[in-house]
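Q: File follows, entry_18.txt with compact mmCIF, C-alpha atoms and all ligand atoms:
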# COMPACT_ATOMS: atom_id res chain seq x y z
CA MET A 20 -70.15 142.42 256.09
CA LYS A 21 -69.63 141.09 259.59
CA THR A 22 -68.82 137.44 260.14
CA ARG A 23 -66.92 135.30 262.69
CA ALA A 24 -63.50 133.68 262.39
CA ALA A 25 -60.84 131.89 264.44
CA VAL A 26 -57.86 134.24 264.51
CA LEU A 27 -54.32 133.42 265.57
CA ARG A 28 -53.41 136.48 267.65
CA GLU A 29 -49.97 135.27 268.72
CA THR A 30 -47.90 132.14 268.17
CA ASN A 31 -48.52 129.46 270.81
CA THR A 32 -51.82 130.87 272.01
CA PRO A 33 -55.30 129.37 271.51
CA TRP A 34 -57.36 130.36 268.48
CA SER A 35 -59.43 133.46 269.22
CA VAL A 36 -62.97 133.22 267.83
CA GLU A 37 -64.07 136.77 267.11
CA GLU A 38 -66.26 138.94 264.94
CA ILE A 39 -64.45 140.23 261.85
CA GLU A 40 -65.18 142.59 258.97
CA LEU A 41 -65.18 141.05 255.48
CA ASP A 42 -64.95 143.12 252.28
CA PRO A 43 -66.88 142.10 249.16
CA PRO A 44 -65.03 139.95 246.60
CA GLY A 45 -62.82 141.88 244.18
CA PRO A 46 -62.30 140.96 240.52
CA GLY A 47 -61.61 137.22 240.19
CA GLU A 48 -62.70 136.56 243.77
CA VAL A 49 -65.54 134.64 245.37
CA LEU A 50 -67.41 135.09 248.66
CA VAL A 51 -68.22 131.70 250.16
CA LYS A 52 -70.43 130.79 253.10
CA MET A 53 -68.52 127.96 254.74
CA ALA A 54 -70.17 124.59 255.35
CA ALA A 55 -67.30 122.60 256.88
CA SER A 56 -63.60 122.82 257.64
CA GLY A 57 -61.25 120.00 258.54
CA MET A 58 -58.70 120.61 261.28
CA CYS A 59 -55.41 119.71 259.64
CA HIS A 60 -52.13 119.53 261.53
CA SER A 61 -50.65 122.28 259.35
CA ASP A 62 -52.78 124.90 261.17
CA GLU A 63 -51.36 123.52 264.40
CA HIS A 64 -47.90 124.14 262.90
CA ALA A 65 -48.98 127.70 262.07
CA MET A 66 -50.10 128.10 265.67
CA ASP A 67 -46.99 126.60 267.29
CA GLY A 68 -44.51 128.42 265.07
CA HIS A 69 -43.11 125.29 263.37
CA ILE A 70 -43.68 126.71 259.89
CA ALA A 71 -42.92 130.35 260.60
CA GLY A 72 -42.06 132.10 257.35
CA LEU A 73 -44.29 129.84 255.27
CA VAL A 74 -47.55 131.15 256.72
CA PRO A 75 -48.66 134.71 257.39
CA PRO A 76 -47.61 136.32 260.65
CA ALA A 77 -50.26 136.85 263.36
CA PRO A 78 -52.89 138.12 263.31
CA MET A 79 -54.17 135.69 260.74
CA ILE A 80 -57.21 133.50 260.11
CA GLY A 81 -56.51 129.77 260.13
CA GLY A 82 -57.98 126.87 258.20
CA HIS A 83 -57.27 125.52 254.73
CA GLU A 84 -59.41 122.36 254.33
CA GLY A 85 -62.87 123.68 253.55
CA SER A 86 -66.09 123.43 251.59
CA GLY A 87 -69.04 125.79 251.26
CA VAL A 88 -71.60 127.53 249.10
CA VAL A 89 -70.93 130.47 246.78
CA GLN A 90 -72.67 133.59 248.05
CA GLU A 91 -71.31 136.38 245.83
CA LEU A 92 -69.07 136.61 242.77
CA GLY A 93 -66.50 139.29 242.01
CA ALA A 94 -66.19 140.80 238.54
CA GLY A 95 -65.14 138.40 235.81
CA VAL A 96 -65.94 135.13 237.59
CA ASP A 97 -68.16 133.74 234.88
CA TRP A 98 -67.84 130.00 235.50
CA LEU A 99 -69.55 129.93 238.90
CA GLU A 100 -73.03 130.85 240.07
CA VAL A 101 -74.39 131.94 243.41
CA GLY A 102 -75.49 128.77 245.22
CA ASP A 103 -72.79 126.55 243.68
CA HIS A 104 -71.13 124.07 246.05
CA VAL A 105 -67.36 124.30 246.22
CA VAL A 106 -64.26 122.80 247.80
CA PHE A 107 -61.10 124.87 248.15
CA GLY A 108 -57.71 123.60 247.08
CA PHE A 109 -55.22 124.59 249.78
CA ILE A 110 -52.84 125.57 247.01
CA PRO A 111 -54.54 127.59 244.28
CA ALA A 112 -54.20 126.40 240.70
CA CYS A 113 -53.95 129.45 238.46
CA GLY A 114 -53.81 127.30 235.33
CA ARG A 115 -51.37 129.64 233.59
CA CYS A 116 -48.01 129.40 235.34
CA ASN A 117 -45.17 127.09 234.41
CA SER A 118 -46.05 124.52 237.10
CA CYS A 119 -49.78 124.45 236.30
CA ALA A 120 -49.11 124.23 232.59
CA GLY A 121 -46.69 121.37 233.23
CA GLY A 122 -49.37 119.33 234.99
CA HIS A 123 -48.16 120.12 238.53
CA SER A 124 -50.75 122.58 239.77
CA ASN A 125 -49.91 121.47 243.34
CA LEU A 126 -46.79 123.61 242.87
CA CYS A 127 -48.63 126.61 241.31
CA ASP A 128 -46.09 129.46 241.20
CA THR A 129 -48.64 132.24 241.53
CA GLY A 130 -50.35 130.78 244.58
CA LEU A 131 -47.25 129.77 246.51
CA ALA A 132 -45.68 133.20 246.03
CA THR A 133 -48.45 134.78 248.12
CA PHE A 134 -48.46 132.16 250.90
CA PRO A 135 -46.15 133.88 253.41
CA GLN A 136 -48.17 137.11 253.37
CA GLY A 137 -51.62 135.52 253.19
CA THR A 138 -52.94 138.39 251.10
CA GLN A 139 -55.26 138.09 248.11
CA MET A 140 -53.44 136.76 245.04
CA ALA A 141 -54.92 139.36 242.71
CA ASP A 142 -53.52 142.54 244.26
CA ASP A 143 -51.66 141.68 247.48
CA THR A 144 -54.23 143.38 249.70
CA TYR A 145 -56.59 142.08 252.40
CA ARG A 146 -60.35 141.48 252.42
CA HIS A 147 -60.44 140.32 256.05
CA HIS A 148 -60.06 142.77 258.95
CA SER A 149 -60.48 142.55 262.69
CA ALA A 150 -63.31 144.47 264.40
CA ASP A 151 -60.87 147.32 265.07
CA GLY A 152 -59.62 147.47 261.49
CA GLU A 153 -56.40 145.42 261.56
CA ASP A 154 -55.68 143.46 258.35
CA LEU A 155 -55.88 139.68 258.77
CA GLY A 156 -53.77 137.32 256.63
CA LEU A 157 -55.19 134.00 255.49
CA MET A 158 -53.80 130.50 256.00
CA CYS A 159 -53.14 129.14 252.48
CA LEU A 160 -55.02 132.16 251.04
CA LEU A 161 -58.26 130.63 252.38
CA GLY A 162 -59.05 131.11 256.08
CA THR A 163 -61.61 128.31 256.33
CA PHE A 164 -61.93 128.74 260.12
CA ALA A 165 -64.57 131.39 259.43
CA GLU A 166 -68.29 131.48 258.76
CA HIS A 167 -67.61 133.32 255.48
CA THR A 168 -64.46 133.97 253.49
CA VAL A 169 -63.32 135.64 250.27
CA VAL A 170 -60.85 133.70 248.11
CA ASN A 171 -59.43 133.82 244.61
CA GLU A 172 -61.25 131.75 241.99
CA ALA A 173 -57.97 129.83 241.47
CA SER A 174 -58.57 128.16 244.86
CA VAL A 175 -62.13 127.09 244.03
CA ILE A 176 -63.26 123.70 242.72
CA LYS A 177 -66.93 123.35 241.85
CA ILE A 178 -68.58 120.11 242.96
CA ASP A 179 -72.00 118.54 242.51
CA LYS A 180 -74.77 120.00 244.63
CA ASP A 181 -75.78 116.60 245.96
CA TRP A 182 -72.29 115.70 247.23
CA PRO A 183 -72.22 116.03 251.04
CA LEU A 184 -70.26 119.17 251.93
CA ASP A 185 -69.20 117.84 255.34
CA LYS A 186 -67.23 115.01 253.68
CA ALA A 187 -66.15 117.15 250.74
CA CYS A 188 -64.05 119.46 252.93
CA LEU A 189 -61.56 116.63 253.52
CA LEU A 190 -60.64 116.74 249.84
CA GLY A 191 -59.34 120.29 250.23
CA CYS A 192 -56.17 118.98 251.85
CA GLY A 193 -55.82 115.78 253.90
CA VAL A 194 -57.37 113.14 251.67
CA VAL A 195 -55.91 114.33 248.38
CA THR A 196 -52.51 114.84 250.05
CA GLY A 197 -52.41 111.45 251.79
CA TRP A 198 -53.91 109.44 248.93
CA GLY A 199 -51.75 111.25 246.38
CA SER A 200 -48.61 110.69 248.49
CA ALA A 201 -49.17 106.95 247.96
CA VAL A 202 -50.66 106.85 244.46
CA TYR A 203 -48.78 109.69 242.74
CA THR A 204 -45.62 110.57 244.67
CA ALA A 205 -44.74 107.08 245.91
CA ASP A 206 -46.26 105.56 242.76
CA VAL A 207 -47.20 102.40 244.65
CA GLN A 208 -47.35 99.39 242.35
CA PRO A 209 -49.29 96.12 242.72
CA GLY A 210 -47.55 93.74 245.11
CA GLU A 211 -45.35 96.32 246.80
CA TYR A 212 -44.57 96.61 250.50
CA VAL A 213 -45.62 100.02 251.84
CA ALA A 214 -45.18 101.56 255.28
CA VAL A 215 -47.14 104.63 256.37
CA VAL A 216 -45.69 106.45 259.38
CA GLY A 217 -48.36 108.46 261.27
CA ILE A 218 -52.06 107.66 260.95
CA GLY A 219 -53.94 110.94 261.13
CA GLY A 220 -55.97 112.65 258.44
CA LEU A 221 -53.19 112.21 255.88
CA GLY A 222 -51.92 108.80 256.94
CA SER A 223 -55.38 107.19 256.88
CA ALA A 224 -55.81 108.43 253.31
CA ALA A 225 -52.30 107.22 252.40
CA VAL A 226 -53.19 103.74 253.71
CA GLN A 227 -56.29 103.74 251.51
CA GLY A 228 -54.32 105.01 248.50
CA ALA A 229 -51.64 102.32 248.92
CA LYS A 230 -54.31 99.63 249.22
CA MET A 231 -56.14 100.92 246.15
CA ALA A 232 -52.90 100.93 244.14
CA GLY A 233 -52.48 97.23 244.90
CA ALA A 234 -49.91 97.11 247.70
CA ARG A 235 -49.37 93.60 249.06
CA VAL A 236 -48.38 94.90 252.51
CA VAL A 237 -49.53 98.17 254.07
CA ALA A 238 -47.88 98.60 257.45
CA ALA A 239 -49.39 101.40 259.54
CA ILE A 240 -47.07 102.85 262.19
CA ASP A 241 -48.48 105.02 264.99
CA PRO A 242 -47.93 105.09 268.76
CA VAL A 243 -51.68 105.50 269.41
CA GLU A 244 -53.60 102.22 269.60
CA PHE A 245 -56.87 103.74 268.30
CA LYS A 246 -55.03 104.98 265.18
CA ARG A 247 -53.60 101.52 264.56
CA GLU A 248 -57.05 99.95 264.90
CA LYS A 249 -58.55 102.45 262.47
CA ALA A 250 -55.68 101.88 260.03
CA MET A 251 -56.53 98.17 259.90
CA GLU A 252 -60.14 99.12 259.08
CA PHE A 253 -58.88 101.44 256.31
CA GLY A 254 -57.00 98.56 254.69
CA ALA A 255 -53.65 98.21 256.46
CA THR A 256 -52.36 94.64 256.66
CA HIS A 257 -50.06 95.20 259.65
CA ALA A 258 -49.83 97.78 262.43
CA PHE A 259 -46.86 98.74 264.60
CA ALA A 260 -46.51 101.15 267.50
CA SER A 261 -43.11 102.45 266.35
CA ILE A 262 -40.58 102.30 263.54
CA GLU A 263 -38.38 100.15 265.81
CA GLU A 264 -41.21 97.62 266.12
CA ALA A 265 -41.72 97.64 262.35
CA GLN A 266 -37.98 97.21 261.83
CA ALA A 267 -37.93 94.21 264.16
CA ALA A 268 -40.72 92.53 262.18
CA MET A 269 -39.31 93.42 258.78
CA GLY A 270 -37.81 89.98 258.18
CA ASP A 271 -41.20 88.27 258.35
CA VAL A 272 -43.29 91.01 256.81
CA THR A 273 -41.12 91.90 253.80
CA TRP A 274 -39.14 88.68 253.38
CA ASP A 275 -36.11 90.65 254.51
CA ARG A 276 -36.30 92.89 251.45
CA GLY A 277 -37.37 96.06 253.25
CA TYR A 278 -40.26 98.28 252.24
CA ASP A 279 -40.58 99.51 248.66
CA LYS A 280 -42.28 102.74 249.74
CA VAL A 281 -42.21 104.53 253.10
CA ILE A 282 -44.67 107.42 253.44
CA MET A 283 -44.07 109.95 256.21
CA THR A 284 -47.30 111.47 257.55
CA MET A 285 -46.43 112.11 261.20
CA GLY A 286 -47.64 115.19 263.05
CA THR A 287 -44.18 116.77 262.98
CA GLY A 288 -41.35 115.29 260.99
CA ASP A 289 -37.85 115.24 262.45
CA SER A 290 -34.45 114.27 261.20
CA SER A 291 -33.85 111.31 263.47
CA THR A 292 -37.22 109.67 262.72
CA LEU A 293 -36.69 110.24 259.02
CA GLY A 294 -33.31 108.53 259.40
CA GLN A 295 -35.04 105.50 260.98
CA ALA A 296 -37.68 105.50 258.26
CA PHE A 297 -34.95 105.59 255.63
CA ASN A 298 -33.67 102.29 257.05
CA LEU A 299 -37.11 100.67 256.63
CA GLY A 300 -36.69 101.10 252.89
CA GLY A 301 -35.17 98.29 250.84
CA LYS A 302 -33.37 98.41 247.52
CA ARG A 303 -34.72 101.16 245.22
CA ALA A 304 -37.06 102.26 248.01
CA LYS A 305 -38.76 105.61 247.81
CA ILE A 306 -39.11 107.53 251.09
CA VAL A 307 -41.86 110.12 250.66
CA VAL A 308 -41.69 113.12 253.00
CA THR A 309 -45.19 114.54 253.23
CA ASN A 310 -45.20 115.60 256.88
CA LEU A 311 -43.80 119.02 257.60
CA HIS A 312 -40.55 119.42 259.50
CA SER A 313 -40.06 122.59 261.48
CA THR A 314 -38.60 125.38 259.35
CA ALA A 315 -36.06 125.74 262.18
CA GLU A 316 -34.68 122.26 261.38
CA GLY A 317 -32.10 123.24 258.83
CA THR A 318 -30.84 119.83 257.77
CA ILE A 319 -31.76 116.16 257.81
CA GLU A 320 -29.27 113.35 258.25
CA ILE A 321 -29.47 110.19 256.21
CA PRO A 322 -26.66 107.73 255.43
CA ALA A 323 -25.58 108.88 251.97
CA ILE A 324 -23.72 105.68 251.20
CA MET A 325 -27.02 103.78 251.35
CA LEU A 326 -28.58 106.20 248.89
CA THR A 327 -26.03 104.99 246.42
CA MET A 328 -25.64 101.34 247.33
CA PHE A 329 -29.38 100.66 247.50
CA GLU A 330 -30.42 103.30 244.96
CA LYS A 331 -32.84 104.76 247.49
CA GLN A 332 -34.75 107.96 246.87
CA VAL A 333 -35.98 110.55 249.35
CA VAL A 334 -38.69 112.76 247.82
CA GLY A 335 -40.97 115.48 249.10
CA SER A 336 -44.68 115.52 248.40
CA LEU A 337 -46.80 118.68 248.35
CA PHE A 338 -50.58 118.21 248.13
CA GLY A 339 -49.90 114.59 247.14
CA SER A 340 -48.42 115.66 243.77
CA ALA A 341 -52.08 115.96 242.74
CA ASN A 342 -53.91 118.27 240.34
CA ILE A 343 -56.93 119.52 242.23
CA ARG A 344 -59.20 120.20 239.28
CA LYS A 345 -58.88 116.59 238.25
CA ASP A 346 -58.32 114.88 241.57
CA ILE A 347 -60.89 116.46 243.90
CA PRO A 348 -63.84 115.31 241.74
CA ARG A 349 -62.06 112.03 241.03
CA LEU A 350 -61.64 111.15 244.69
CA PHE A 351 -65.19 112.17 245.46
CA GLU A 352 -66.41 109.78 242.79
CA LEU A 353 -64.37 107.01 244.43
CA TYR A 354 -66.11 107.88 247.70
CA LEU A 355 -69.54 107.77 246.05
CA ALA A 356 -68.65 104.40 244.52
CA GLY A 357 -67.81 103.06 247.98
CA GLN A 358 -64.11 102.68 247.18
CA LEU A 359 -62.78 105.48 249.38
CA ASN A 360 -63.87 105.70 253.00
CA LEU A 361 -64.33 109.33 254.04
CA ASP A 362 -67.08 108.64 256.58
CA ASP A 363 -64.81 106.95 259.10
CA MET A 364 -62.12 109.60 258.71
CA ILE A 365 -64.30 112.13 260.53
CA THR A 366 -64.06 111.06 264.17
CA LYS A 367 -65.81 114.08 265.69
CA THR A 368 -67.42 117.35 264.61
CA TYR A 369 -67.18 120.70 266.37
CA SER A 370 -68.65 124.18 266.21
CA LEU A 371 -66.31 127.07 265.39
CA ASP A 372 -66.41 128.05 269.06
CA GLU A 373 -65.09 124.58 269.97
CA ILE A 374 -62.01 124.85 267.74
CA ASN A 375 -59.51 124.74 270.61
CA GLU A 376 -61.20 121.63 271.97
CA GLY A 377 -60.81 120.05 268.52
CA TYR A 378 -57.08 120.81 268.42
CA GLN A 379 -56.63 119.49 271.96
CA ALA A 380 -58.23 116.23 270.77
CA MET A 381 -55.66 116.13 267.92
CA ARG A 382 -52.82 116.52 270.43
CA ASP A 383 -54.35 113.80 272.59
CA GLY A 384 -54.53 111.41 269.61
CA GLU A 385 -58.33 111.12 269.76
CA ASN A 386 -59.29 112.01 266.19
CA ILE A 387 -58.45 110.75 262.75
CA ARG A 388 -59.89 114.09 261.66
CA GLY A 389 -61.92 116.63 263.61
CA VAL A 390 -64.20 118.74 261.41
CA ILE A 391 -65.82 122.10 262.14
CA LEU A 392 -69.41 122.29 260.90
CA TYR A 393 -70.99 125.70 260.25
CA ASP A 394 -74.74 126.39 260.42
N1 LIG B 401 -47.08 118.03 252.26
C1 LIG B 401 -48.31 118.50 252.27
O1 LIG B 401 -48.84 118.91 251.26
C2 LIG B 401 -49.07 118.51 253.56
C3 LIG B 401 -50.43 118.83 253.56
C4 LIG B 401 -51.14 118.76 254.77
C5 LIG B 401 -50.49 118.41 255.94
N2 LIG B 401 -49.16 118.15 255.91
C6 LIG B 401 -48.45 117.72 257.11
O2 LIG B 401 -48.62 116.32 257.25
C7 LIG B 401 -48.48 115.95 258.62
C8 LIG B 401 -49.66 115.10 259.06
O3 LIG B 401 -50.83 115.90 259.11
P1 LIG B 401 -52.18 115.31 259.77
O4 LIG B 401 -53.18 116.41 259.69
O5 LIG B 401 -52.49 113.99 259.21
O6 LIG B 401 -51.70 115.14 261.29
P2 LIG B 401 -52.38 114.34 262.49
O7 LIG B 401 -51.98 115.02 263.74
O8 LIG B 401 -53.82 114.13 262.19
O9 LIG B 401 -51.69 112.89 262.43
C9 LIG B 401 -50.36 112.69 262.75
C10 LIG B 401 -50.21 111.27 263.30
O10 LIG B 401 -48.82 111.01 263.51
C11 LIG B 401 -48.70 110.21 264.65
N3 LIG B 401 -47.32 110.25 265.13
C12 LIG B 401 -46.72 111.22 265.89
N4 LIG B 401 -45.44 110.88 266.12
C13 LIG B 401 -45.22 109.68 265.51
C14 LIG B 401 -44.09 108.82 265.38
N5 LIG B 401 -42.91 109.11 265.94
N6 LIG B 401 -44.23 107.67 264.67
C15 LIG B 401 -45.41 107.36 264.10
N7 LIG B 401 -46.50 108.14 264.20
C16 LIG B 401 -46.41 109.29 264.87
C17 LIG B 401 -49.75 110.76 265.60
O11 LIG B 401 -50.10 109.84 266.62
C18 LIG B 401 -50.89 111.05 264.65
O12 LIG B 401 -51.77 109.94 264.55
C19 LIG B 401 -48.31 117.27 259.37
O13 LIG B 401 -46.93 117.54 259.50
C20 LIG B 401 -48.95 118.26 258.43
O14 LIG B 401 -48.50 119.58 258.65
C21 LIG B 401 -48.45 118.18 254.74
ZN ZN B 402 -53.65 120.51 255.51
ZN ZN B 403 -50.33 128.17 238.51
Can you give me the file's structure in the form of structure tokens?

A:
Amino acid sequence: MKTRAAVLRETNTPWSVEEIELDPPGPGEVLVKMAASGMCHSDEHAMDGHIAGLVPPAPMIGGHEGSGVVQELGAGVDWLEVGDHVVFGFIPACGRCNSCAGGHSNLCDTGLATFPQGTQMADDTYRHHSADGEDLGLMCLLGTFAEHTVVNEASVIKIDKDWPLDKACLLGCGVVTGWGSAVYTADVQPGEYVAVVGIGGLGSAAVQGAKMAGARVVAAIDPVEFKREKAMEFGATHAFASIEEAQAAMGDVTWDRGYDKVIMTMGTGDSSTLGQAFNLGGKRAKIVVTNLHSTAEGTIEIPAIMLTMFEKQVVGSLFGSANIRKDIPRLFELYLAGQLNLDDMITKTYSLDEINEGYQAMRDGENIRGVILYD
């Protein structure tokens, strides 16, 4: 069938919205008509080359934070029906590999192995092709910047038909990743002092996760005033324009103890900022690295002696250490109960044709999250 998608033709060029050819779903695959797609910073990293080697080479279809409606089922997909509402997990959960079986489906071996090619998990081939027949890889095996896509059933989470699909898309990456970075990876405990560095789609969810877990202090750090204001609405207790500013206030805010948890959710991580963030942490602090550093940045520098003397920990967090089949419905229920604010995370909506405008707004610090809505 013919459909339309935003294709990355070359690194560091705008997304090209074009007509593409989509094959029917193969065995174990699902054709989905997209309803909404969040514009996460990771697609920006795919575009600007920061995560070269982790994502498929151009030409590829972007987008990995999506929701939609099942339109056709490939052979053997017996747990879904046409018309079902779904959210995609940006990392598939095969349910059978060592990581999935161990309760860490965010690290699913089968899914991650296919990431750099962006082919279909089942047979390493492509369902998406350009109008002139070129194969198109998929961001995170999904390609949610498209009116329709074909994905493996391992990426699909069924949700209730009366849950709003425009909000649901956020659970495909940003909200689960940010919230999980606080609740699961950082393991925030009641009364702790938490700092969140970078208040975008992930950071605003991390602030809410830290608050929900009972943090006494949630300090939101972002150079953009609008982000700091929103963070206070999402439950932050303090807001600072920079790590230096937070450091200067640390005596008053943390009784000189330093932060128990520091969660990194900046647009692009870098060694020197991580080093500063490390110093915000107090004794036994956990520094959670959720934001992506450029793959070109080979090493990070942190004072090793302080790792030992203060028993600090620096840990990575992928997809918030969450398990999508449990956590996507769980977080949606928190939203429906009024305990998780997804409504205010969507600052502005766009059509697929406006995708480059949406990413410009991200660069200009205008959106907590921009979301593409499909007809
Ligand atoms: N680990 C994972 O599983 C995972 C999943 C999704 C996204 N990510 C990554 O997480 C990061 C955040 O993604 P996002 O979509 O929320 O991005 P975003 O662009 O929406 O938000 C980033 C925020 O960081 C702020 N910022 C920039 N420099 C800063 C600094 N020096 N100090 C404090 N704040 C600063 C920006 O003003 C912005 O508000 C990206 O690197 C993204 O690729 C990781
Ligand atoms: Zn993402
Ligand atoms: Zn798996």

Q: Can I get the residues close to ligand ZN 403 (chain B) as a list in words, where close means within 8 Å and we count all atoms listed in the file?

A: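 After applying the 8 Å limit, what remains is Pro111, Ala112, Cys113, Gly114, Arg115, Cys116, Asn117, Ser118, Cys119, Ala120, Ser124, Leu126, Cys127, Asp128, Thr129 and Gly130 of chain A.
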
Q: When the cut-off is 6 Å and you count only C-alpha atoms and all ligand atoms, which residues lie near ligand LIG 401 (chain B), shown as a ChimeraX atom specification?

A: /A:59-61,192-193,196,216-222,240-243,246,261,284-287,309-311,336-338,381,384,387

Q: Could you tell me which of A:Asp271, A:Asp279, A:Glu264, A:Glu385 comes closest to Ala201 (chain A) if we count all atoms listed in the file?

A: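 Looking only at the distances to Ala201 (chain A), the closest residue turns out to be A:Asp279.
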
Q: Record the distance separating CA of Thr318 (chain A) and CA of Asp289 (chain A), expressed in Å with one decimal.

A: 9.6 Å

Q: Taking into account only C-alpha atoms and all ligand atoms, which residue in the set A:Ala65, A:Ala150, A:Ile347, A:Leu293 is nearest to ligand ZN 402 (chain B)?

A: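 Result for the nearest residue to ligand ZN 402 (chain B): A:Ala65.
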
Q: Which of these residues is nearest to Leu157 (chain A), using only C-alpha atoms: A:Leu27, A:Ile262, A:Ala315, A:Val89?

A: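 Result for the nearest residue to Leu157 (chain A): A:Leu27.
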
Q: I'd like to know which of A:His148, A:Lys230, A:Arg344, A:His104 is closest to Asp181 (chain A), using only C-alpha atoms.

A: A:His104

Q: Output region 297-317 of chain A as a PDB file, keeping the file's coordinate frame, making sure N, CA and C atoms are there.

A:
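Generated output (part_38.pdb):
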ATOM      1  N   PHE A 297     -35.805 105.854 256.789  1.00  0.00           N
ATOM      2  CA  PHE A 297     -34.950 105.590 255.630  1.00  0.00           C
ATOM      3  C   PHE A 297     -34.469 104.133 255.673  1.00  0.00           C
ATOM      4  N   ASN A 298     -34.180 103.663 256.906  1.00  0.00           N
ATOM      5  CA  ASN A 298     -33.670 102.290 257.050  1.00  0.00           C
ATOM      6  C   ASN A 298     -34.748 101.223 256.883  1.00  0.00           C
ATOM      7  N   LEU A 299     -36.032 101.635 256.914  1.00  0.00           N
ATOM      8  CA  LEU A 299     -37.110 100.670 256.630  1.00  0.00           C
ATOM      9  C   LEU A 299     -37.154 100.346 255.145  1.00  0.00           C
ATOM     10  N   GLY A 300     -36.633 101.256 254.346  1.00  0.00           N
ATOM     11  CA  GLY A 300     -36.690 101.100 252.890  1.00  0.00           C
ATOM     12  C   GLY A 300     -35.676 100.066 252.413  1.00  0.00           C
ATOM     13  N   GLY A 301     -36.077  99.274 251.431  1.00  0.00           N
ATOM     14  CA  GLY A 301     -35.170  98.290 250.840  1.00  0.00           C
ATOM     15  C   GLY A 301     -34.484  98.852 249.612  1.00  0.00           C
ATOM     16  N   LYS A 302     -34.041  97.960 248.743  1.00  0.00           N
ATOM     17  CA  LYS A 302     -33.370  98.410 247.520  1.00  0.00           C
ATOM     18  C   LYS A 302     -34.355  99.173 246.636  1.00  0.00           C
ATOM     19  N   ARG A 303     -33.926 100.272 246.091  1.00  0.00           N
ATOM     20  CA  ARG A 303     -34.720 101.160 245.220  1.00  0.00           C
ATOM     21  C   ARG A 303     -35.942 101.738 245.919  1.00  0.00           C
ATOM     22  N   ALA A 304     -35.903 101.738 247.264  1.00  0.00           N
ATOM     23  CA  ALA A 304     -37.060 102.260 248.010  1.00  0.00           C
ATOM     24  C   ALA A 304     -37.207 103.760 247.792  1.00  0.00           C
ATOM     25  N   LYS A 305     -38.462 104.181 247.868  1.00  0.00           N
ATOM     26  CA  LYS A 305     -38.760 105.610 247.810  1.00  0.00           C
ATOM     27  C   LYS A 305     -39.284 106.019 249.191  1.00  0.00           C
ATOM     28  N   ILE A 306     -38.655 107.016 249.797  1.00  0.00           N
ATOM     29  CA  ILE A 306     -39.110 107.530 251.090  1.00  0.00           C
ATOM     30  C   ILE A 306     -39.796 108.859 250.796  1.00  0.00           C
ATOM     31  N   VAL A 307     -41.084 108.931 251.024  1.00  0.00           N
ATOM     32  CA  VAL A 307     -41.860 110.120 250.660  1.00  0.00           C
ATOM     33  C   VAL A 307     -42.069 110.989 251.902  1.00  0.00           C
ATOM     34  N   VAL A 308     -41.576 112.219 251.846  1.00  0.00           N
ATOM     35  CA  VAL A 308     -41.690 113.120 253.000  1.00  0.00           C
ATOM     36  C   VAL A 308     -42.850 114.078 252.771  1.00  0.00           C
ATOM     37  N   THR A 309     -43.997 113.717 253.337  1.00  0.00           N
ATOM     38  CA  THR A 309     -45.190 114.540 253.230  1.00  0.00           C
ATOM     39  C   THR A 309     -45.358 115.397 254.470  1.00  0.00           C
ATOM     40  N   ASN A 310     -45.030 114.811 255.645  1.00  0.00           N
ATOM     41  CA  ASN A 310     -45.200 115.600 256.880  1.00  0.00           C
ATOM     42  C   ASN A 310     -44.229 116.770 256.874  1.00  0.00           C
ATOM     43  N   LEU A 311     -44.627 117.823 257.568  1.00  0.00           N
ATOM     44  CA  LEU A 311     -43.800 119.020 257.600  1.00  0.00           C
ATOM     45  C   LEU A 311     -42.803 118.914 258.752  1.00  0.00           C
ATOM     46  N   HIS A 312     -41.566 119.251 258.449  1.00  0.00           N
ATOM     47  CA  HIS A 312     -40.550 119.420 259.500  1.00  0.00           C
ATOM     48  C   HIS A 312     -40.585 120.886 259.893  1.00  0.00           C
ATOM     49  N   SER A 313     -40.123 121.188 261.064  1.00  0.00           N
ATOM     50  CA  SER A 313     -40.060 122.590 261.480  1.00  0.00           C
ATOM     51  C   SER A 313     -39.126 123.355 260.540  1.00  0.00           C
ATOM     52  N   THR A 314     -39.499 124.593 260.198  1.00  0.00           N
ATOM     53  CA  THR A 314     -38.600 125.380 259.350  1.00  0.00           C
ATOM     54  C   THR A 314     -37.285 125.670 260.085  1.00  0.00           C
ATOM     55  N   ALA A 315     -37.288 125.505 261.410  1.00  0.00           N
ATOM     56  CA  ALA A 315     -36.060 125.740 262.180  1.00  0.00           C
ATOM     57  C   ALA A 315     -35.070 124.582 262.017  1.00  0.00           C
ATOM     58  N   GLU A 316     -35.572 123.421 261.565  1.00  0.00           N
ATOM     59  CA  GLU A 316     -34.680 122.260 261.380  1.00  0.00           C
ATOM     60  C   GLU A 316     -33.991 122.410 260.033  1.00  0.00           C
ATOM     61  N   GLY A 317     -32.776 122.873 260.065  1.00  0.00           N
ATOM     62  CA  GLY A 317     -32.100 123.240 258.830  1.00  0.00           C
ATOM     63  C   GLY A 317     -31.702 122.073 257.949  1.00  0.00           C
TER      64      GLY A 317
END
